[in-house]
>>> print(open('data16.txt').read())   # compact mmCIF, C-alpha atoms and all ligand atoms
# COMPACT_ATOMS: atom_id res chain seq x y z
CA MET A 1 -11.89 -16.75 22.27
CA LEU A 2 -11.27 -14.17 24.97
CA ALA A 3 -7.51 -14.01 24.62
CA ALA A 4 -7.35 -12.53 21.13
CA PRO A 5 -9.47 -9.38 21.70
CA LEU A 6 -7.63 -8.70 24.94
CA LEU A 7 -4.33 -8.93 23.15
CA LEU A 8 -5.49 -6.51 20.46
CA LEU A 9 -6.67 -4.03 23.06
CA ALA A 10 -3.35 -4.23 24.85
CA CYS A 11 -1.55 -3.57 21.58
CA SER A 12 -3.69 -0.57 20.69
CA ALA A 13 -3.36 0.93 24.13
CA LYS A 14 0.41 0.78 23.93
CA ASN A 15 0.47 2.56 20.57
CA SER A 16 -2.21 5.11 21.28
CA ARG A 17 0.17 7.41 23.09
CA GLN A 18 2.10 8.06 19.91
CA HIS A 19 -0.64 7.61 17.31
CA PRO A 20 -4.19 8.82 17.55
CA MET A 21 -6.32 5.69 17.11
CA GLU A 22 -8.18 6.94 14.05
CA ASP A 23 -4.95 7.54 12.09
CA VAL A 24 -3.44 4.08 12.35
CA PRO A 25 -5.31 1.42 10.43
CA THR A 26 -6.05 -1.78 12.25
CA GLU A 27 -4.22 -4.56 10.47
CA PRO A 28 -6.43 -7.48 9.55
CA THR A 29 -5.31 -10.86 10.85
CA THR A 30 -7.13 -12.88 8.21
CA GLN A 31 -7.91 -12.58 4.51
CA VAL A 32 -10.33 -9.71 3.80
CA VAL A 33 -13.12 -10.66 1.43
CA LYS A 34 -15.90 -8.22 0.53
CA THR A 35 -18.44 -7.94 -2.24
CA ALA A 36 -18.11 -5.33 -4.97
CA ALA A 37 -21.00 -3.42 -3.38
CA GLU A 38 -19.26 -3.37 0.00
CA TRP A 39 -16.01 -2.13 -1.52
CA ARG A 40 -17.88 0.55 -3.47
CA GLN A 41 -19.41 1.79 -0.27
CA GLN A 42 -16.10 1.89 1.59
CA LEU A 43 -13.76 3.27 -1.10
CA THR A 44 -13.78 6.48 -3.09
CA PRO A 45 -14.55 6.00 -6.82
CA GLU A 46 -10.84 6.52 -7.63
CA GLN A 47 -9.73 4.01 -4.97
CA TYR A 48 -12.29 1.51 -6.26
CA ARG A 49 -11.12 1.94 -9.85
CA ILE A 50 -7.49 1.28 -8.85
CA LEU A 51 -7.85 -1.35 -6.13
CA ARG A 52 -10.78 -3.38 -7.41
CA GLU A 53 -10.61 -2.81 -11.16
CA GLY A 54 -6.85 -2.72 -11.68
CA GLY A 55 -6.89 0.91 -12.78
CA THR A 56 -3.92 3.24 -12.95
CA GLU A 57 -3.96 6.78 -11.63
CA ARG A 58 -2.81 9.74 -13.69
CA ALA A 59 0.99 10.12 -13.62
CA HIS A 60 2.48 13.14 -11.83
CA GLY A 61 -0.87 13.89 -10.19
CA LYS A 62 -1.57 15.41 -6.79
CA VAL A 63 -1.12 12.07 -5.02
CA TYR A 64 2.41 11.81 -6.41
CA GLU A 65 3.26 15.38 -5.40
CA ASP A 66 1.97 14.62 -1.88
CA PHE A 67 4.03 11.41 -1.81
CA LYS A 68 7.24 13.29 -2.56
CA GLN A 69 6.58 15.67 0.35
CA GLN A 70 5.83 12.96 2.89
CA GLY A 71 8.41 12.32 5.61
CA PRO A 72 9.03 9.16 7.63
CA GLY A 73 6.09 6.83 8.03
CA THR A 74 4.35 3.77 6.73
CA TYR A 75 2.09 3.08 3.77
CA HIS A 76 -0.93 0.89 4.30
CA CYS A 77 -3.47 -0.63 1.94
CA ALA A 78 -6.23 1.96 1.49
CA ALA A 79 -8.76 -0.86 1.35
CA CYS A 80 -7.87 -3.11 4.29
CA GLY A 81 -5.19 -1.30 6.32
CA THR A 82 -2.43 -3.89 5.85
CA LEU A 83 1.12 -2.54 6.16
CA LEU A 84 2.62 -2.58 2.65
CA PHE A 85 5.51 -0.15 2.32
CA SER A 86 7.75 2.05 4.43
CA SER A 87 9.24 5.46 3.74
CA ALA A 88 12.62 3.81 4.41
CA HIS A 89 12.36 2.11 1.00
CA LYS A 90 10.92 4.91 -1.08
CA PHE A 91 12.90 6.65 -3.78
CA ASP A 92 12.22 9.19 -6.46
CA ALA A 93 12.19 7.42 -9.80
CA ASP A 94 10.59 10.49 -11.37
CA CYS A 95 8.17 8.19 -13.15
CA GLY A 96 5.05 9.92 -11.87
CA TRP A 97 4.01 7.27 -9.36
CA PRO A 98 5.18 6.44 -5.83
CA SER A 99 8.17 4.08 -6.04
CA PHE A 100 9.68 1.74 -3.48
CA TYR A 101 12.61 -0.63 -3.87
CA ASP A 102 11.27 -3.12 -1.32
CA PRO A 103 8.01 -3.85 0.51
CA ALA A 104 7.81 -3.29 4.27
CA LYS A 105 6.71 -6.90 4.75
CA ALA A 106 7.28 -9.27 1.85
CA GLN A 107 4.39 -11.54 2.80
CA ASN A 108 1.92 -8.64 2.58
CA VAL A 109 2.39 -8.08 -1.14
CA LYS A 110 1.69 -10.64 -3.82
CA LEU A 111 3.38 -10.67 -7.21
CA SER A 112 1.79 -12.27 -10.26
CA LYS A 113 2.18 -12.19 -14.03
CA ASP A 114 0.02 -9.67 -15.86
CA TYR A 115 -0.43 -10.35 -19.56
CA SER A 116 -2.57 -7.29 -20.34
CA LEU A 117 -1.46 -4.53 -22.72
CA GLY A 118 0.34 -7.05 -24.95
CA SER A 119 3.38 -7.52 -22.71
CA VAL A 120 4.29 -9.47 -19.62
CA ARG A 121 4.47 -7.37 -16.51
CA THR A 122 4.46 -8.29 -12.84
CA GLU A 123 1.38 -7.08 -11.02
CA VAL A 124 1.55 -6.16 -7.32
CA THR A 125 -1.51 -6.81 -5.20
CA CYS A 126 -2.29 -6.63 -1.49
CA ALA A 127 -1.93 -10.20 -0.19
CA VAL A 128 -4.69 -9.67 2.36
CA CYS A 129 -7.58 -8.18 0.35
CA GLY A 130 -6.39 -8.81 -3.22
CA GLY A 131 -6.50 -5.11 -4.07
CA HIS A 132 -4.49 -4.01 -7.12
CA LEU A 133 -1.56 -1.74 -6.15
CA GLY A 134 0.61 -1.39 -9.25
CA HIS A 135 3.46 -3.20 -10.99
CA VAL A 136 7.03 -4.18 -10.21
CA PHE A 137 9.93 -3.63 -12.60
CA ASP A 138 13.43 -5.14 -12.37
CA GLY A 139 16.78 -4.06 -13.70
CA GLU A 140 15.99 -0.48 -14.63
CA GLY A 141 19.37 0.68 -13.34
CA PHE A 142 18.22 2.77 -10.40
CA ASN A 143 20.84 3.14 -7.71
CA THR A 144 18.92 1.23 -5.03
CA PRO A 145 19.85 -1.91 -3.07
CA THR A 146 17.49 -4.11 -5.10
CA ASP A 147 17.40 -2.51 -8.58
CA ARG A 148 13.70 -3.33 -8.38
CA ARG A 149 10.94 -0.75 -8.50
CA TYR A 150 7.52 -1.22 -6.96
CA CYS A 151 5.59 1.31 -9.03
CA ILE A 152 2.50 1.89 -6.92
CA ASN A 153 -0.67 3.92 -7.33
CA GLY A 154 -0.66 6.44 -4.48
CA GLY A 155 -4.44 6.23 -4.39
CA ALA A 156 -4.18 2.62 -3.25
CA LEU A 157 -2.12 3.64 -0.21
CA LYS A 158 -2.88 5.28 3.11
CA PHE A 159 0.12 7.13 4.56
CA VAL A 160 0.61 7.07 8.32
CA PRO A 161 3.28 9.58 9.39
CA ARG A 162 5.65 8.55 12.13
CA ASP A 163 5.26 11.03 14.96
CA ASN A 164 8.68 10.54 16.49
CA PRO A 165 11.23 10.10 13.70
ZN ZN A 201 -5.50 -4.70 1.23
>>> encode(input="data16.txt", output="structure tokens")
Amino acid sequence: MLAAPLLLLACSAKNSRQHPMEDVPTEPTTQVVKTAAEWRQQLTPEQYRILREGGTERAHGKVYEDFKQQGPGTYHCAACGTLLFSSAHKFDADCGWPSFYDPAKAQNVKLSKDYSLGSVRTEVTCAVCGGHLGHVFDGEGFNTPTDRRYCINGGALKFVPRDNP
């Protein structure tokens, strides 16, 4: 059991020159399971409403304005730190929510059918903690390589800017 912690330390030390430790979330290596009370303690009320209750943030809010200004970097789950999206795949769909045409790591996002609101949509959740992120829409005609839009609540994401673009 000694090898794993040593490996993690080695990893962190290598990255710490470019990223202050507190800014880069530690990525979980196993499924993250917490009680509602634990999540409530860790998350802001808005994050809890989105991530744990499937809520949707107000369109064209401050989070979206911030998103449009952000430069190169990565987007992590605000609940568990898992890498979800990259600025390389973001585009402005002008829909009022952060949009990406691809996830940073396909295995980190989970897609499932959502039958709420009287229609079938595809819900996007964090594969590691199960947190609700948003929905995915296909074939909307955006000029992106996938013609697929991950429409994500900015409140569910933690942005980590890349220091050396
Ligand atoms: Zn997560």
>>> residues_near_ligand(input="data16.txt", ligand="ligand ZN 201 (chain A)", cutoff="12 Å", atoms="all atoms listed in the file", output="PyMOL selection string")
chain A and resi 25-34+39+43+47-48+50-52+75-85+108-110+124-133+156-158
>>> atom_distance(input="data16.txt", atom1="CA of Ile152 in chain A", atom2="CA of Gln41 in chain A")
22.9 Å
>>> closest_residue(input="data16.txt", among="A:Lys113, A:Lys90, A:Lys105, A:Arg40", to="Arg148 in chain A", atoms="only C-alpha atoms")
A:Lys90
>>> residues_around(input="data16.txt", residues="Cys151 in chain A", least_positions_apart="6", cutoff="8 Å", atoms="all atoms listed in the file", output="list in words")
Trp97, Pro98, Ser99, Phe100, Gly134, His135, Val136 and Phe137 of chain A
>>> write_last_selection(input="data16.txt", atoms="C-alpha atoms", output="PDB file, in the coordinates of the input")
ATOM      1  CA  TRP A  97       4.010   7.270  -9.360  1.00  0.00           C
ATOM      2  CA  PRO A  98       5.180   6.440  -5.830  1.00  0.00           C
ATOM      3  CA  SER A  99       8.170   4.080  -6.040  1.00  0.00           C
ATOM      4  CA  PHE A 100       9.680   1.740  -3.480  1.00  0.00           C
ATOM      5  CA  GLY A 134       0.610  -1.390  -9.250  1.00  0.00           C
ATOM      6  CA  HIS A 135       3.460  -3.200 -10.990  1.00  0.00           C
ATOM      7  CA  VAL A 136       7.030  -4.180 -10.210  1.00  0.00           C
ATOM      8  CA  PHE A 137       9.930  -3.630 -12.600  1.00  0.00           C
TER       9      PHE A 137
END
>>> atom_distance(input="data16.txt", atom1="CA of Gly118 in chain A", atom2="CA of Ala93 in chain A")
24.1 Å
>>> closest_residue(input="data16.txt", among="A:Gly154, A:Pro72, A:Pro45, A:Pro145", to="Arg58 in chain A", atoms="only C-alpha atoms")
A:Gly154
>>> residues_near_point(input="data16.txt", point="(-1.4, 1.6, -11.6)", cutoff="6 Å", atoms="all atoms listed in the file", output="number ranges by chain")
A: 55-57, 134, 153
>>> atom_distance(input="data16.txt", atom1="CA of Asp66 in chain A", atom2="CA of Asp114 in chain A")
28.1 Å
>>> axis_aligned_box(input="data16.txt", around="range 79-94 of chain A", padding_each_side="3 Å", output="lines of an AutoDock Vina configuration file")
center_x = 2.1
center_y = 3.3
center_z = -2.5
size_x = 27.7
size_y = 20.4
size_z = 23.7
>>> closest_residue(input="data16.txt", among="A:Arg49, A:Glu38, A:Arg121, A:Gly155", to="Gly61 in chain A", atoms="all atoms listed in the file")
A:Gly155
>>> closest_residue(input="data16.txt", among="A:Gln107, A:Thr74, A:Ser112, A:Gln69", to="Asp23 in chain A", atoms="all atoms listed in the file")
A:Thr74
>>> closest_residue(input="data16.txt", among="A:Ala106, A:Gly96, A:Asp163, A:Ala36", to="Lys62 in chain A", atoms="only C-alpha atoms")
A:Gly96
